[in-house]
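This report refers to the structure that appears directly beneath it.
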Amino acid sequence: MSTTPGSRTKASSFLSGIQNRSPRAQKQRAWPVTWRTYLRAVGPGLIAGASDTDPTTVATLAVIGAGTAYDMGWCVLLLFPLIGVIQSIATRVGVAGRLDLQEAVSKMYRPAVGRLLLGSILAVNIVTIAADLEAGSTALGLLTGQDWRWFAAPLSLVLLAAVMLLGYHVLQRALKYLLLVLLAYAAAAVLAHPDWAEVARGTLLPHLHWDKTFLFDLLSLIGTTATSYVYVWQTISQSEEKVPWHWHRVRQFDALAGSLFATVVFWFILIATGATLGVHGMNVDTAQDAAQSLRPVAGDWAGELFGLGLLASALVALPVITATTAYVTGAHLNWRRGLSLRPREAPKFFAAMAASVLIGLAATYAEVPPIRLLYWAGVVGAIGTPIGLVFLLRTASHRELMDGHAIGPGTKAAGWTITVLITVVSALGLYQLVLTGP
């Protein structure tokens with residue numbers, strides 16, 4: 001049945017029939033759950049985790065590694081339980097509720113509330129799209145020796161064509177192969193020959209420095225790794241596939257695998273940049289500076305290898321971010337939507353996706369160094385993320401909406417603790433920004 005966005009229709013009245021989705025996404029699957037099932041299920045959660053390792057994350061960790069060496073390794077290590085809890089809750093919302101987050105909020109609350117969530121997601125996404133497009137273009141510039149500005153528009157067109165023509169499942173399979181490129185950072189960390197005693201100290205012993213630099217590093221780190229598009233996409237991908245409830249443990253495994261993969265890559269990026277930039281006191285302002293983190297792997301080819309990794313991270317993240325932008329917009333405005341549809345079947349959905357890329361493309365030509373733009377995109381993410389987390393927890397706690405599978409007290413307590421933590425850090429960072437300037 002059709003429901004006006006923002007109405008307070010009972011959850012049970014719309015759980016049985018969600019409108020505006022592809023018929024292929026509605027089919028139920030009754031495959032038995034075996035150990036092979038867990039291996040086959042690694043997909044949406046892994047992609048979501050990998051998209052978290054986007055250029056904003058690479059840049060943020062490069063800035064932090066150059067400035068602190070290994071001292072914030074413990075913060076990176078703590079990202080796994082933080083991201084794991086968030087992604088686990090998002091998975092439950094998608095599997096049990098069979099709704100993405102924006103759709104659930106638009107149905108449960110008045111339009112003004114839905115606009116609040118929509119605005120918080122769009123603000124973060126547009127800045128991130130701009131930053132990631134600039135990063136991907138800079139990567140192409142590194143690989144070809146040309147000015148990155150020549151590549152921004154062609155890269156935007158290629159990404160749009162891929163998302164519109166390939167469809168969700170083909171795109172997901174293609175993105176899996178790009179994840180292997182991120183292992184270059186692990187090789188860089190090992191071959192950089194860091195002082196492993198110092199690495200262990202920075203990873204296992206907290207180092208708190210309550211100054212402006214530490215606060216902004218922490219704010220940007222949380223913002224770029226717990227950003228809203230990652231958990232919103234997780235609800236979208238799970239709700240699109242509509243697997244039966246007895247698959248929820250399989251999907252939770254996938255979500256945790258993606259969170260672990262992302263955290264491991266985060267840590268290796270920090271160690272690689274810390275060992276090559278941080279210990280020598282080198283500042284990171286451009287992609288060429290950050291490329292020095294891979295010099296232990298590639299020698300004089302460090303720039304080219306870093307460019308390849310940066311390009312791969314952009315190609316993984318940008319389809320997820322642009323699709324999330326179109327999904328949340330379509331959910332709020334009650335459009336027909338779905339990556340399994342063709343553009344002529346959901347013209348408004350795909351138009352929103354194209355518009356987000358074009359706005360991001362226009363923003364890439366602002367006179368801001370690429371790495372710094374990525375870093376501040378993480379700061380914006382930390383400010384917008386708490387809003388989405390509040391709605392995520394409210395949705396996951398709604399027993400009727402979750403078809404009797406609402407999150408338990410332990411998960412709820414962990415979720416709210418994380419939300420409060422991120423909110424406090426965001427508030428302190430925003431206060432410092434207003435008080436003293438960037």
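Scheme for the structure tokens: letters A, B, ... for chains in order shown; per-chain residue numbers from 1; ligand numbers from 1 in order shown.
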- Query: Excluding same-chain residues fewer than 3 positions from stretch 345-357 of chain A, what lies within 7 Å of it counting only C-alpha atoms, as a VMD selection string?
  - Reply: chain A and resid 126 129 156 160 322 to 323 325 to 326 330 335 to 337 341 to 342 360 to 361
Dump of N, CA and C atoms for the selected residues, as a short mmCIF file (atom, residue, chain, number, x, y, z; two decimals), in the first residue's frame:
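Ended up saving to result02.cif:
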```cif
data_model
loop_
_atom_site.label_atom_id
_atom_site.label_comp_id
_atom_site.auth_asym_id
_atom_site.auth_seq_id
_atom_site.Cartn_x
_atom_site.Cartn_y
_atom_site.Cartn_z
N ILE A 126 27.32 15.39 -0.02
CA ILE A 126 27.77 16.29 -1.08
C ILE A 126 29.22 16.70 -0.87
N ILE A 129 31.32 13.62 -1.66
CA ILE A 129 31.39 13.39 -3.10
C ILE A 129 32.40 14.34 -3.73
N SER A 156 33.50 11.72 -13.39
CA SER A 156 32.10 11.83 -12.97
C SER A 156 31.19 11.11 -13.95
N LEU A 160 28.83 7.74 -13.18
CA LEU A 160 27.39 7.76 -13.40
C LEU A 160 26.95 6.68 -14.37
N THR A 322 26.83 8.19 -3.91
CA THR A 322 25.85 8.78 -4.83
C THR A 322 24.54 8.02 -4.80
N ALA A 323 24.61 6.69 -4.71
CA ALA A 323 23.38 5.91 -4.64
C ALA A 323 22.64 6.19 -3.34
N THR A 325 22.65 8.94 -1.66
CA THR A 325 22.04 10.26 -1.82
C THR A 325 20.71 10.17 -2.55
N ALA A 326 20.69 9.40 -3.64
CA ALA A 326 19.45 9.26 -4.41
C ALA A 326 18.41 8.47 -3.64
N GLY A 330 14.81 9.92 -2.61
CA GLY A 330 13.63 9.23 -3.12
C GLY A 330 12.73 8.71 -2.04
N TRP A 335 9.53 8.55 -4.16
CA TRP A 335 9.80 8.23 -5.56
C TRP A 335 9.99 6.73 -5.73
N ARG A 336 9.79 6.26 -6.93
CA ARG A 336 10.20 4.90 -7.26
C ARG A 336 11.72 4.89 -7.36
N ARG A 337 12.36 3.88 -6.77
CA ARG A 337 13.81 3.91 -6.67
C ARG A 337 14.37 2.49 -6.62
N LEU A 341 16.58 -1.07 -11.13
CA LEU A 341 15.71 -0.49 -12.14
C LEU A 341 16.54 0.20 -13.22
N ARG A 342 15.90 0.42 -14.35
CA ARG A 342 16.55 1.19 -15.42
C ARG A 342 16.19 2.66 -15.25
N GLY A 360 28.76 17.96 -6.62
CA GLY A 360 30.08 17.62 -6.12
C GLY A 360 31.18 18.02 -7.09
N LEU A 361 30.92 17.82 -8.39
CA LEU A 361 31.90 18.20 -9.41
C LEU A 361 32.18 19.69 -9.37
#
```
- Query: Looking only at the backbone, which of the residues in stretch 114-305 of chain A does DSSP tag as alpha helix (DSSP H), as a PyMOL selection string?
  - Reply: chain A and resi 114-144+149-166+168-178+184-191+196-204+212-225+228-241+248-276+287-290+295-298+302-305
- Message: Which residues are near A:Gln234? Cut-off 10 Å, only C-alpha atoms, ignore same chain within fewer than 4 positions. Put them as a PyMOL selection string.
- Response: chain A and resi 44-49+86-95+100-101+229-230+238-240+255+320+324
If you keep N, CA, C and O atoms, can you produce a file of those selected residues as a tab-separated table (two decimals), in the first residue's frame?
```tsv
chain	number	residue	atom	x	y	z
A	44	PRO	N	27.50	-7.23	0.67
A	44	PRO	CA	27.05	-5.87	1.00
A	44	PRO	C	27.79	-5.26	2.20
A	44	PRO	O	28.18	-4.09	2.14
A	45	GLY	N	27.98	-6.05	3.25
A	45	GLY	CA	28.68	-5.52	4.42
A	45	GLY	C	30.14	-5.22	4.13
A	45	GLY	O	30.70	-4.24	4.62
A	46	LEU	N	30.76	-6.08	3.33
A	46	LEU	CA	32.16	-5.86	2.96
A	46	LEU	C	32.30	-4.61	2.10
A	46	LEU	O	33.23	-3.82	2.27
A	47	ILE	N	31.37	-4.43	1.16
A	47	ILE	CA	31.39	-3.23	0.32
A	47	ILE	C	31.18	-1.98	1.16
A	47	ILE	O	31.84	-0.96	0.97
A	48	ALA	N	30.23	-2.06	2.11
A	48	ALA	CA	29.99	-0.92	2.99
A	48	ALA	C	31.24	-0.59	3.79
A	48	ALA	O	31.63	0.58	3.93
A	49	GLY	N	31.91	-1.63	4.33
A	49	GLY	CA	33.15	-1.40	5.07
A	49	GLY	C	34.24	-0.82	4.20
A	49	GLY	O	34.96	0.11	4.60
A	86	ILE	N	27.57	-0.11	15.13
A	86	ILE	CA	26.70	0.69	14.26
A	86	ILE	C	26.24	-0.13	13.06
A	86	ILE	O	25.04	-0.14	12.71
A	87	GLN	N	27.17	-0.84	12.41
A	87	GLN	CA	26.81	-1.61	11.22
A	87	GLN	C	25.92	-2.80	11.56
A	87	GLN	O	25.06	-3.19	10.77
A	88	SER	N	26.11	-3.36	12.76
A	88	SER	CA	25.27	-4.46	13.20
A	88	SER	C	23.83	-3.99	13.40
A	88	SER	O	22.87	-4.66	12.99
A	89	ILE	N	23.67	-2.83	14.00
A	89	ILE	CA	22.33	-2.27	14.19
A	89	ILE	C	21.69	-1.94	12.85
A	89	ILE	O	20.51	-2.21	12.62
A	90	ALA	N	22.47	-1.34	11.94
A	90	ALA	CA	21.95	-1.01	10.62
A	90	ALA	C	21.52	-2.26	9.86
A	90	ALA	O	20.51	-2.26	9.15
A	91	THR	N	22.28	-3.33	10.02
A	91	THR	CA	21.93	-4.60	9.37
A	91	THR	C	20.60	-5.12	9.87
A	91	THR	O	19.75	-5.57	9.10
A	92	ARG	N	20.39	-5.05	11.17
A	92	ARG	CA	19.13	-5.51	11.75
A	92	ARG	C	17.95	-4.69	11.23
A	92	ARG	O	16.88	-5.23	10.95
A	93	VAL	N	18.14	-3.39	11.11
A	93	VAL	CA	17.07	-2.53	10.59
A	93	VAL	C	16.70	-2.96	9.18
A	93	VAL	O	15.51	-3.07	8.82
A	94	GLY	N	17.70	-3.20	8.34
A	94	GLY	CA	17.43	-3.58	6.96
A	94	GLY	C	16.82	-4.96	6.81
A	94	GLY	O	15.92	-5.16	5.99
A	95	VAL	N	17.31	-5.92	7.62
A	95	VAL	CA	16.83	-7.30	7.50
A	95	VAL	C	15.46	-7.47	8.16
A	95	VAL	O	14.54	-8.05	7.58
A	100	ASP	N	14.89	1.00	4.45
A	100	ASP	CA	16.11	1.76	4.70
A	100	ASP	C	15.79	2.84	5.73
A	100	ASP	O	14.63	3.11	6.04
A	101	LEU	N	16.82	3.46	6.28
A	101	LEU	CA	16.63	4.36	7.41
A	101	LEU	C	15.76	5.56	7.06
A	101	LEU	O	14.85	5.91	7.82
A	229	TYR	N	26.69	7.94	5.57
A	229	TYR	CA	26.36	7.19	4.37
A	229	TYR	C	26.68	5.71	4.51
A	229	TYR	O	26.05	4.87	3.86
A	230	VAL	N	27.64	5.35	5.36
A	230	VAL	CA	28.04	3.95	5.51
A	230	VAL	C	26.91	3.14	6.15
A	230	VAL	O	26.52	2.08	5.64
A	238	GLN	N	20.58	-4.09	2.68
A	238	GLN	CA	19.88	-5.21	3.31
A	238	GLN	C	18.40	-5.20	2.97
A	238	GLN	O	17.80	-6.25	2.72
A	239	SER	N	17.79	-4.02	2.98
A	239	SER	CA	16.36	-3.94	2.67
A	239	SER	C	16.09	-4.25	1.20
A	239	SER	O	15.03	-4.79	0.86
A	240	GLU	N	17.02	-3.92	0.33
A	240	GLU	CA	16.86	-4.20	-1.09
A	240	GLU	C	16.80	-5.71	-1.34
A	240	GLU	O	16.00	-6.18	-2.14
A	255	ALA	N	28.48	-7.91	8.04
A	255	ALA	CA	28.69	-6.54	8.53
A	255	ALA	C	29.95	-6.45	9.39
A	255	ALA	O	30.73	-5.50	9.27
A	320	VAL	N	28.62	4.11	-3.89
A	320	VAL	CA	27.83	3.95	-2.66
A	320	VAL	C	27.28	5.28	-2.19
A	320	VAL	O	26.09	5.39	-1.84
A	324	THR	N	23.37	6.30	-2.24
A	324	THR	CA	22.73	6.63	-0.96
A	324	THR	C	22.02	7.97	-1.02
A	324	THR	O	20.91	8.13	-0.52
```
- May I have the residues within 10 Å of A:Met402 as a PyMOL selection string, using only C-alpha atoms and disregarding those fewer than 5 positions away in the same chain? chain A and resi 11-12+15+92-99+395-397+407
Could those residues be written to a file, using all heavy atoms, as a short mmCIF file (atom, residue, chain, number, x, y, z; two decimals), in the first residue's frame?
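In the end it all went to selection-v4.cif:
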```cif
data_model
loop_
_atom_site.label_atom_id
_atom_site.label_comp_id
_atom_site.auth_asym_id
_atom_site.auth_seq_id
_atom_site.Cartn_x
_atom_site.Cartn_y
_atom_site.Cartn_z
N ALA A 11 3.25 0.61 11.87
CA ALA A 11 4.31 -0.11 11.17
C ALA A 11 3.79 -1.38 10.53
O ALA A 11 4.20 -1.76 9.44
CB ALA A 11 5.45 -0.44 12.13
N SER A 12 2.86 -2.06 11.20
CA SER A 12 2.37 -3.33 10.68
C SER A 12 1.63 -3.17 9.38
O SER A 12 1.48 -4.12 8.62
CB SER A 12 1.45 -3.99 11.72
OG SER A 12 0.37 -3.12 12.03
N LEU A 15 4.68 -3.01 6.66
CA LEU A 15 5.75 -4.01 6.62
C LEU A 15 5.49 -5.07 5.57
O LEU A 15 6.41 -5.65 5.00
CB LEU A 15 5.92 -4.67 7.99
CG LEU A 15 6.66 -3.85 9.04
CD1 LEU A 15 6.60 -4.56 10.37
CD2 LEU A 15 8.09 -3.59 8.61
N ARG A 92 20.39 -5.05 11.17
CA ARG A 92 19.13 -5.51 11.75
C ARG A 92 17.95 -4.69 11.23
O ARG A 92 16.88 -5.23 10.95
CB ARG A 92 19.20 -5.48 13.27
CG ARG A 92 17.93 -5.98 13.97
CD ARG A 92 18.14 -6.02 15.47
NE ARG A 92 18.97 -7.14 15.86
CZ ARG A 92 18.50 -8.26 16.44
NH1 ARG A 92 17.20 -8.40 16.67
NH2 ARG A 92 19.31 -9.22 16.79
N VAL A 93 18.14 -3.39 11.11
CA VAL A 93 17.07 -2.53 10.59
C VAL A 93 16.70 -2.96 9.18
O VAL A 93 15.51 -3.07 8.82
CB VAL A 93 17.50 -1.06 10.62
CG1 VAL A 93 16.52 -0.19 9.83
CG2 VAL A 93 17.59 -0.55 12.06
N GLY A 94 17.70 -3.20 8.34
CA GLY A 94 17.43 -3.58 6.96
C GLY A 94 16.82 -4.96 6.81
O GLY A 94 15.92 -5.16 5.99
N VAL A 95 17.31 -5.92 7.62
CA VAL A 95 16.83 -7.30 7.50
C VAL A 95 15.46 -7.47 8.16
O VAL A 95 14.54 -8.05 7.58
CB VAL A 95 17.85 -8.28 8.12
CG1 VAL A 95 17.28 -9.70 8.13
CG2 VAL A 95 19.15 -8.26 7.33
N ALA A 96 15.32 -6.98 9.40
CA ALA A 96 14.06 -7.18 10.13
C ALA A 96 12.97 -6.23 9.66
O ALA A 96 11.83 -6.64 9.43
CB ALA A 96 14.30 -7.01 11.63
N GLY A 97 13.32 -4.95 9.51
CA GLY A 97 12.32 -3.97 9.12
C GLY A 97 12.07 -3.92 7.63
O GLY A 97 11.02 -3.44 7.19
N ARG A 98 13.06 -4.37 6.84
CA ARG A 98 12.97 -4.31 5.38
C ARG A 98 12.68 -2.91 4.88
O ARG A 98 11.95 -2.70 3.91
CB ARG A 98 11.92 -5.30 4.86
CG ARG A 98 12.30 -6.74 5.16
CD ARG A 98 11.35 -7.71 4.53
NE ARG A 98 11.73 -9.07 4.86
CZ ARG A 98 11.06 -10.15 4.49
NH1 ARG A 98 9.96 -10.00 3.77
NH2 ARG A 98 11.47 -11.35 4.82
N LEU A 99 13.28 -1.95 5.58
CA LEU A 99 13.18 -0.55 5.21
C LEU A 99 14.57 0.06 5.35
O LEU A 99 15.33 -0.31 6.24
CB LEU A 99 12.22 0.20 6.14
CG LEU A 99 10.75 -0.18 6.13
CD1 LEU A 99 10.05 0.44 7.33
CD2 LEU A 99 10.09 0.29 4.85
N THR A 395 14.77 3.74 15.34
CA THR A 395 14.15 2.77 14.43
C THR A 395 14.41 1.35 14.90
O THR A 395 13.49 0.52 14.95
CB THR A 395 14.70 2.96 13.00
OG1 THR A 395 14.46 4.28 12.55
CG2 THR A 395 14.06 1.97 12.04
N ALA A 396 15.66 1.04 15.26
CA ALA A 396 16.01 -0.32 15.67
C ALA A 396 15.34 -0.72 16.98
O ALA A 396 15.20 -1.92 17.26
CB ALA A 396 17.53 -0.44 15.81
N SER A 397 14.92 0.25 17.78
CA SER A 397 14.26 -0.04 19.06
C SER A 397 12.75 -0.16 18.93
O SER A 397 12.08 -0.51 19.91
CB SER A 397 14.60 1.06 20.08
OG SER A 397 15.99 1.18 20.27
N ILE A 407 16.33 -4.39 18.73
CA ILE A 407 17.61 -4.64 19.37
C ILE A 407 17.42 -4.84 20.87
O ILE A 407 16.52 -4.28 21.49
CB ILE A 407 18.60 -3.49 19.13
CG1 ILE A 407 18.01 -2.15 19.56
CG2 ILE A 407 19.02 -3.44 17.67
CD1 ILE A 407 18.98 -0.99 19.45
#
```
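Atom CA of A:Thr411 to atom CA of A:Trp233 spans 20.0 Å [interatomic distance, one decimal].
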Per residue of stretch 137-237 of chain A within 10 Å of stretch 380-391 of chain A, record the nearest atom pair and its distance in Å to one decimal, counting only C-alpha atoms, with rows in chain order and ascending residue number, as CSV.
```
residue,atom,partner,partner_atom,distance
A:Leu218,CA,A:Ala382,CA,9.5
A:Leu219,CA,A:Ala382,CA,6.1
A:Ser220,CA,A:Ala382,CA,6.6
A:Leu221,CA,A:Ala382,CA,8.3
A:Ile222,CA,A:Ala382,CA,6.1
A:Gly223,CA,A:Ala382,CA,3.5
A:Thr224,CA,A:Gly381,CA,6.1
A:Thr225,CA,A:Gly381,CA,8.7
A:Ala226,CA,A:Thr385,CA,7.1
A:Thr227,CA,A:Gly381,CA,5.4
A:Ser228,CA,A:Thr385,CA,5.2
A:Tyr229,CA,A:Thr385,CA,8.8
A:Tyr231,CA,A:Leu389,CA,8.7
A:Val232,CA,A:Gly388,CA,8.2
```
- Close residues, A:Tyr70 itself excluded, 12 Å, only C-alpha atoms, min 3 positions apart in chain, as an MDAnalysis selection string: chainID A and resid 61:67 73:77 189 194:207 267:279
Within 12 Å of stretch 305-312 of chain A: each stretch 44-142 of chain A residue with its shortest pair, only C-alpha atoms, as a tab-separated table:
```
residue	atom	partner	partner_atom	distance
A:Ala50	CA	A:Ala312	CA	10.3
A:Ser51	CA	A:Ala312	CA	10.1
A:Thr53	CA	A:Leu310	CA	9.8
A:Asp54	CA	A:Leu310	CA	8.0
A:Pro55	CA	A:Leu310	CA	6.2
A:Thr56	CA	A:Leu310	CA	9.9
A:Thr57	CA	A:Leu310	CA	10.3
A:Val58	CA	A:Leu310	CA	7.7
A:Ala59	CA	A:Leu310	CA	9.3
A:Ala62	CA	A:Phe306	CA	11.6
A:Ala131	CA	A:Leu310	CA	11.8
A:Asp132	CA	A:Leu311	CA	9.0
A:Leu133	CA	A:Leu311	CA	9.3
A:Glu134	CA	A:Leu311	CA	10.1
A:Ala135	CA	A:Leu310	CA	6.9
A:Gly136	CA	A:Leu311	CA	4.7
A:Ser137	CA	A:Leu311	CA	7.7
A:Thr138	CA	A:Gly307	CA	7.5
A:Ala139	CA	A:Gly307	CA	4.1
A:Leu140	CA	A:Gly307	CA	6.7
A:Gly141	CA	A:Gly307	CA	8.1
A:Leu142	CA	A:Gly307	CA	5.7
```
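From atom CA of A:Asn125 back to atom CA of A:Phe151, the distance works out to 20.7 Å.
One distance worth recording is that between atom CA of A:Ala188 and atom CA of A:Val284, which is 17.1 Å.
Neighbours of A:Leu208 closer than or equal to 10 Å, with only C-alpha atoms counted and sequence neighbours fewer than 6 positions away skipped, come out as Asp71, Met72, Phe214 and Leu215 of chain A.
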